[in-house]
Every structure is written in C-alpha cells, then in structure tokens.
Amino acid sequence: MSIKSFWKNLPYLVIVPTNPNPSLIGIKYFNLDTFMGQTLGWLKWPTLIGLVFAAVAFIVATYYIVQYTRGYFAGRKIPKSWKFILWGVFITAIAEIGEMLAYYEWPNAGLIETNLLLLLPHALGGTLIGLGAYFLYKEIT
Amino acid sequence: MPILEFHAINPLSIASLGLSLFFLLIHIPIVGGFGIAAYYVIKYLRRFYGQRPIPKEWKLFWLAIVWATIHELIEVPILYQWIIGQVLVIVFFFIQIIAGIYLVWGTYLLAKKYTVQ
C-alpha cells in the first residue's frame, strides 16, 4: 500500500471531534464527568486527582529548584542550564493546568486554553528543559 | 467510556491542514524536549560523577524527567484519540502519579541537600 493510499484510507474524523468554531474561552463547557468528550463514570475522581497532582508536582518542583539553585550557587551566578530548567519546569506547570482544562472542556475547549495554556507552554517548557539539560552537560565538557 | 479501543486516525485531518500540521509539529518540542533532557541529564551525571556513585537526589531527578517524557508521550494518542478507554485513563493516571512523585521527591532532596542544614 502506498503512503498516499494509506492516508486516503484513514478515517477523517476523530472519535469526538473538536468544535471547528471554538470560542475564545471554553470554561463554561468545563465538565469533571467527561475526559476528551467521553463519560468518565467511576474514573471521575482518579482522573481529577491524577491531573491535579501532575500540575501541583510541577509547581512544587519549581519551588524546590529555586531553593536548590539558591543554596547550591549561594551568591554565585546561576548558570544558563539551571535557569532554563527552572523556567521550563514552571512553564510546564502552566501547560499542565491548560491540559486539564482542555481535557475537561473537550470538544469545546477554548482557543486560549488550547493554545496559550496548553500547546505553546508545553512546547516552550519542553524546549527549555531540553536546552537546559544540554547546557548542563556542555558546562562540564 | 469503552474499556479500550484503538483507532487509526489521520493526524493531518483533525482540523484544517494548516492547523493539523501545527498541532502535529508542536508535539516535537513537547515530547522531544523532555526526551533530550533525559538523555543529557544522564550523560551529565555519568560524566560528572565518573566512577563515583550517582547521588540519590540526582537519580530521582533523572527518573522524574524520564517519567515526564512518558507522560508527554502518552498525551499524543490521547489527544489524537488513537487510543480511547478506561485502560488508557488508568495508565495515564499512574504515569502522572509516578512522574509527579519522582519530580517532587528528586527536587526536594536536591533542595534539602544544599539549603536545609
């Protein structure tokens, strides 16, 4: 099967397609009973706990990284590597909050939640953490 | 919600082609960033500590990044709805919890070692 015919044969819509005309903010569609448009049932509370835990973990980690860098570098200049990692972890915390909103608002997730709180912070956070770790390695080689 | 279903959904057809492409390409820095971080942190630790044992706080910090990469990776089939169902939500729950525990534990020990005397 050629790649062209492979793509052609794939279904053209997701199971719960997103609203093609999303609103700017979709908070009014926020529903703890659904996840990506699917009814959660008994998984309602475990899902909420997992999503909140992930967001809180990144926020707490940001705090501890600040404490670590202050303590370890104690007045010395904090290197680029740790600055990048710190900002990456903090921005990923924002992305985790946006992710939670988008999962619960789907298929009517707002443009702000999807782009400004989920996709862009996730991409920026991932890039900063990746670059930070790269600089960490380069600083000793 | 079904128990577990797999669907072959074209990632370039979830919205207009431009938006679908943007959506697909933005996952490269999301997953790749954490993956690269996991790769370079272990390279840094092996280089920095050499034959000496890697301290627990650094091992945990590295594991946190590895599990965060898995966390970001599983979000791709969730968003594209390639996999849907209760099993996926349960797996996602455990990945988030494990990643979160390693992240808080690792950074807490790093902070504790250098700040709380």
# chains A, B, ... in the order shown; residues from 1 in each chain; ligands from 1
>>> closest_atom_pairs(of="chain B", to="chain A", cutoff="6 Å", atoms="only C-alpha atoms", output="tab-separated table")
residue	atom	partner	partner_atom	distance
B:Met1	CA	A:Thr39	CA	5.5
B:Ile9	CA	A:Pro11	CA	5.6
B:Asn10	CA	A:Leu10	CA	5.7
B:Ser13	CA	A:Tyr12	CA	5.6
B:Pro29	CA	A:Ala123	CA	5.1
B:Ile30	CA	A:Ala123	CA	4.5
B:Gly33	CA	A:Gly126	CA	4.2
B:Phe34	CA	A:Gly126	CA	5.5
B:Ile36	CA	A:Gly130	CA	5.2
B:Ala37	CA	A:Gly130	CA	4.2
B:Tyr40	CA	A:Ala133	CA	5.5
B:Val41	CA	A:Ala133	CA	5.6
B:Tyr44	CA	A:Tyr137	CA	4.6
B:Phe93	CA	A:Gly50	CA	5.0
B:Gln96	CA	A:Ala54	CA	5.6
B:Gly100	CA	A:Ala57	CA	5.0
B:Val104	CA	A:Ala61	CA	5.3
B:Thr107	CA	A:Tyr64	CA	5.5
B:Tyr108	CA	A:Tyr64	CA	5.6
B:Leu110	CA	A:Tyr68	CA	5.9
B:Ala111	CA	A:Tyr68	CA	4.0
B:Tyr114	CA	A:Gly71	CA	5.0
B:Thr115	CA	A:Gly71	CA	4.8
>>> select_by_dssp(residues="segment 5-116 of chain B", states="helix (DSSP H, G or I)", output="ChimeraX atom specification")
/B:11-13,17-25,27-49,56-80,86-115
>>> select_by_dssp(residues="segment 19-130 of chain A", states="strand (DSSP E or B)", output="list in words")
Thr34, Phe35, Gln38 and Thr39 of chain A
>>> residues_around(residues="Ile95 of chain B", least_positions_apart="2", cutoff="9 Å", atoms="only C-alpha atoms", output="number ranges by chain")
A: 50; B: 67-68, 70-71, 74, 90-93, 97-100
>>> closest_residue(among="B:Ile42, B:Ile14, B:Ala8, B:Thr69", to="Leu103 of chain B", atoms="only C-alpha atoms")
B:Thr69
>>> atom_distance(atom1="atom CA of Glu72 of chain B", atom2="atom CA of Gly106 of chain B")
18.9 Å
>>> atom_distance(atom1="atom CA of Phe6 of chain B", atom2="atom CA of Val89 of chain B")
13.5 Å
